[in-house]
Every structure is written in C-alpha cells, then in structure tokens.
Amino acid sequence: MPPKKRTQTSLPGGADKRSKQSSPSQQRETASVESMSGEVSVKEEFATNLEENGHTMSVSRPAIWCQACDKEADGLCADLQHSLTSLRMHRAGQAAPKLQRLQTAASSARKVVAALQDARDAVEAQLQEWRARLLRLEDAERELQAAVDEGRDLQTPQLEGLDLLLRDAAGLLGAECRLQLQADAGSAQWKADLQPAAPGRSALLLCALVLQLRQEESLVRVYPSEETMDVGTLSKQKKHSRELDDVLQDSALSKVRKLEGLDCDAQPTWCKLFLQRVAPHVEWLCMERALREHLEVVRGMPSLRYLYVHLNCWDGTAFAGLPLQLEELDVRNVPVDMLESVQRMPNLRKLTLYNFHGERVEFSFPAVPALHRGLRWLTVGLWSLPSLLSLAKAHAATLLELRVLCSTHDDGRTPLYFRDLAEGLQQCGLVALRRVVLLRGTGTARHHVEKEICHAENTCTQQQQQFRDKLLVTVYCQKCDTTCPCYPDFGDFTWTD
C-alpha cells in the first residue's frame, strides 16, 4: 500500500508571505519601538554600574542642572529662563569646600614633611660632628695609654674646650625645660614641661633640639646669684684689710662661676691670690688694669669661656698666651704677642681688640685651622690697616658683623683714618658679612674710647656709602644712627637683625 503524502497547510491568500513583508506603517512603528528600546538601553547602560577587571565603575550620563529648581533641567526650566549649568559644574561647586579643606591639609602636610626632612638633615650633620669628636677623644685616650705603657712623656691632650662642650651636652641631656609656643599673634599658646632624659620619642627629639640650640649659640647661659660675684669695691681698697683676708677664706668661692669688677691696680697681690682661688671653676671673668702676673693665672683656668681684660701698659716681655677654650675675648691695650693665640681658639665666636696708646699693632693673622668654628662678631680698634684686613680675611667665611673704630676724614692728627678701608674689605671675600658698624669713640661702657675721634656728618655719609657700594651690606655710624643695633651682651651670641 503506497505511503500517504504529507499534508502541507498554508495560510489562505499567501498570508505567510504577508507576515514576512510588513506594511510601511508597521515598519515605522517597529523602528520607533526599536529606537525607544535602544534609548532606554543606552540610558540604563550609563546608569548601570559597570564591572571592569573586577572593579565597579559608576558612569553618569551627561545632564544639565537647573540651579533655580535644584534638579536636572527640563524643558520648562529652559522656557522659564532659569540659570542652567552642567551637572559637573554643579557637583564641583558642591565639592569646593571639601576640596579646599583637603588642599589646605595637604599644604600643611608638605610643610611638615619638608621641616622633618630638614630636621633629619640637621640631626645627621650633628651626628657626624659628635662622631668626629668621639673619635678624637678615643684617639687621645689610646695615645695617652700608649705613653703610659711605653714609658714616654705623659703630655696632656689639647682638648681646647672640647671637654667643656661635652660637659654642657651632658648637662643639657639631663635638664628639665619648659616649652612655650605661640604660632601666631592672638592664637592659643602651647606649653609643656619636658625632660630630655625621659623615655619616649619626644625626649629623643628634644635631645637633638637642645644640642642643636647649643651648637648654634641660641642658648644663653644664665648664672644664678650664688654663682655670681662682683668684687669691684673690695679690689679697689687702697689699704689691706681683714675683710680681704676673710674673702680669700670664704668657702662660697668654690661656687663662683661669674666674676666681675676685679680691678688689679690697687691690690695686685690680693687680686692674684683671689684669681688662684677661683681659677679651677670660673667661666666668666672681667678685670681691669691687669698685669702679667694676673694673666699667668688666667692662662691656666680650665673652665674659662668669656674673658674681658683691660691691660696696664705692657712691658714688652713675651706673653705665653690665653686659654684656648675661650668663646669670647675682649682685650684693651692688646700686645702683639697675644694675638698669635687668637687663631688657635677653635670655639672663639666674638673678638674685640683695642689699642689705646697709639702703638701700631702689626700682625699678619694666618688662616684659621680646620677645626676653628670662625668668628661671627669682630670689633677692632687697631692702628694698623693690614692687621685689621688680615684678621677679617681669616674669618671671611663666618663673620656676620664687623665693628671698626675709624674717623670720617684725615685731620692730620689721628692714625685711625683708613682711606682704603672699604676697598680693602671688599677684597677679603666676606661672604657671610651682614652688617658693618663704624665706631666713633662713643657707646656702651665696654665699647667706650677715652677720647673722641674726628667725625663730620658730610664725610660720614660719604664713608657709609662707600661701604654699602663695596660690601653690599647694612652700614651704621655709631654716632649718627640712633637705630644702630646694640652689641650682644658679654656671653650672649644671639644674632639680632
């Protein structure tokens, strides 16, 4: 029996074909639906969180923001002519206060980082200096021990004040201090009671700070009353008395660190005995009309740092020198052979030299040795221009202020007129110099000259201008300028503009 044929059904009138061929209106509707569907799809895509490489990204569609309605703008906002801006600008305005706060904080952080970087560099430089000092002490210790073992002469190591510096450092590390800060005028103050020896990082940083302050001479030694003694009245007694003997036996002399007013003219023998009593521990000494026998005692003072001495007329005999650990030296009627020891004082920062008796102090100062810290203040009243220039040149790298006793013009009588002084100083290479003060014989008690030297306003103005043109620094006349900065007090090394 033959197989039956498969029946094929079809839509009447070719409806199947018509289903495949839509009318134009149907096609437009279809395109519109598809277009709307695509627009919705794009919007959804922009508003959807996209995952890319495992990270979520939020992408916002571009929009216009109505500032009046505080929402996305529509046609009505445009019709009403509201103020419109981009959504990005609107969001930027919202973020502005937060952004400014972050930028301010970042600026402060940069300042702190820079300050700590500079502090680290300063601490590193300080560490290198202290390591060098330690090596020097260890070498001296080994050398002395070798001399003991080998039976050689036991020569005292020349520490030149290094032991005093170490004593200061050890004392500062165990000191208590009170810190008070005020960042800006009207702002709150900050206070703290600190002790470098205490545990913790703040104490370690404080150690570095106080050592740096000492290194830069920003710490001024203040002597309490029990360590200070003024013997001006005692030393000027014309006749010997029981009171003078009692003072020499006073146990309180062992506490004296600062000695003022010693006048060696009336009682020279008593003054010598008195100097011997305080010699082991005195640090500050001011004495008038001293003789050679007094300077011999001074030369052996192991703790002396600050010395002011007004010498009687020198007899011309050789002078053995001064303590090499001095930090400040002021000599009136200076003999030539005393100048040689000046360049061998590695810690000397302030130097004053005067010669009142008209003798030309001719001395060529050699370059300072490697360990010399260099002068910062120099006051000179010498009658020799070459001596003055050689001293200034030797300390050209560190000298901040130069004070020179000189007249404004040549009156035919004074040797203190130096026509080429400004030009000579220009050739000294004074790279650190910031101020020149021209002394005219007036001023404070310690810088007073017995008689005035010639001074005229017109020539003084010309002279000051020569110094400004040659040296490019601030120049004062001590007699004309009322704003002339005062010379730092004895024992004070703080710079003031």
# chains A, B, ... in the order shown; residues from 1 in each chain; ligands from 1

call {"tool": "select_by_dssp", "arguments": {"residues": "range 197-432 of chain A", "states": "alpha helix (DSSP H)", "output": "MDAnalysis selection string"}}
result
chainID A and resid 201:215 232:235 242:248 268:278 292:299 336:339 385:394 421:426

call {"tool": "select_by_dssp", "arguments": {"residues": "range 50-236 of chain A", "states": "strand (DSSP E or B)", "output": "ChimeraX atom specification"}}
result
/A:50-52,55-58,64-66,71-72,84-86,177-182,189-194,228-230

call {"tool": "write_last_selection", "arguments": {"atoms": "N, CA and C atoms", "output": "short mmCIF file (atom, residue, chain, number, x, y, z; two decimals), in the first residue's frame"}}
result
data_model
loop_
_atom_site.label_atom_id
_atom_site.label_comp_id
_atom_site.auth_asym_id
_atom_site.auth_seq_id
_atom_site.Cartn_x
_atom_site.Cartn_y
_atom_site.Cartn_z
N LEU A 50 29.21 49.41 36.00
CA LEU A 50 29.92 48.50 35.10
C LEU A 50 31.03 47.82 35.87
N GLU A 51 31.19 46.57 35.58
CA GLU A 51 32.28 45.82 36.18
C GLU A 51 33.37 45.63 35.14
N GLU A 52 34.55 46.12 35.50
CA GLU A 52 35.66 46.03 34.56
C GLU A 52 36.89 45.61 35.33
N HIS A 55 36.54 45.55 39.00
CA HIS A 55 36.28 46.79 39.71
C HIS A 55 34.97 47.37 39.25
N THR A 56 34.26 47.98 40.14
CA THR A 56 32.96 48.59 39.81
C THR A 56 33.16 50.06 39.48
N MET A 57 32.59 50.49 38.33
CA MET A 57 32.70 51.88 37.89
C MET A 57 31.31 52.46 37.75
N SER A 58 31.08 53.60 38.32
CA SER A 58 29.78 54.26 38.20
C SER A 58 29.90 55.35 37.16
N ILE A 64 22.09 68.51 32.29
CA ILE A 64 22.09 69.94 32.58
C ILE A 64 21.35 70.14 33.89
N TRP A 65 21.91 70.95 34.74
CA TRP A 65 21.35 71.16 36.08
C TRP A 65 20.71 72.53 36.16
N CYS A 66 19.52 72.57 36.75
CA CYS A 66 18.81 73.83 36.98
C CYS A 66 19.14 74.31 38.38
N LYS A 71 17.59 70.71 40.51
CA LYS A 71 17.38 69.38 39.94
C LYS A 71 17.84 69.41 38.50
N GLU A 72 17.79 68.22 37.89
CA GLU A 72 18.12 68.19 36.47
C GLU A 72 17.13 69.02 35.68
N LEU A 84 21.03 77.77 34.23
CA LEU A 84 21.38 76.39 33.97
C LEU A 84 22.91 76.21 33.96
N THR A 85 23.34 75.09 34.39
CA THR A 85 24.77 74.77 34.35
C THR A 85 24.91 73.27 34.14
N SER A 86 26.12 72.84 33.85
CA SER A 86 26.34 71.41 33.68
C SER A 86 26.33 70.72 35.04
N CYS A 177 63.09 71.32 81.06
CA CYS A 177 62.84 72.56 80.34
C CYS A 177 61.34 72.77 80.21
N ARG A 178 60.96 74.01 80.06
CA ARG A 178 59.56 74.38 79.88
C ARG A 178 59.43 75.00 78.51
N LEU A 179 58.59 74.40 77.70
CA LEU A 179 58.41 74.83 76.31
C LEU A 179 57.12 75.63 76.21
N GLN A 180 57.20 76.81 75.62
CA GLN A 180 56.02 77.64 75.41
C GLN A 180 56.05 78.18 73.99
N LEU A 181 54.99 77.91 73.25
CA LEU A 181 54.92 78.30 71.85
C LEU A 181 53.67 79.12 71.60
N GLN A 182 53.79 80.08 70.69
CA GLN A 182 52.64 80.83 70.20
C GLN A 182 52.86 81.01 68.71
N GLN A 189 48.25 79.50 73.05
CA GLN A 189 49.62 79.13 73.38
C GLN A 189 49.68 77.64 73.72
N TRP A 190 50.86 77.08 73.48
CA TRP A 190 51.12 75.67 73.79
C TRP A 190 52.23 75.62 74.83
N LYS A 191 52.03 74.82 75.85
CA LYS A 191 53.02 74.70 76.91
C LYS A 191 53.29 73.23 77.21
N ALA A 192 54.50 72.97 77.63
CA ALA A 192 54.85 71.60 78.02
C ALA A 192 56.06 71.64 78.94
N ASP A 193 56.05 70.80 79.94
CA ASP A 193 57.21 70.59 80.80
C ASP A 193 57.89 69.30 80.34
N LEU A 194 59.13 69.43 79.90
CA LEU A 194 59.81 68.31 79.26
C LEU A 194 61.13 68.02 79.94
N THR A 228 77.53 84.06 91.09
CA THR A 228 77.99 85.36 90.59
C THR A 228 78.58 86.19 91.73
N MET A 229 79.68 86.88 91.43
CA MET A 229 80.34 87.70 92.45
C MET A 229 80.94 88.93 91.81
N ASP A 230 80.70 90.08 92.41
CA ASP A 230 81.26 91.35 91.97
C ASP A 230 82.20 91.85 93.06
#
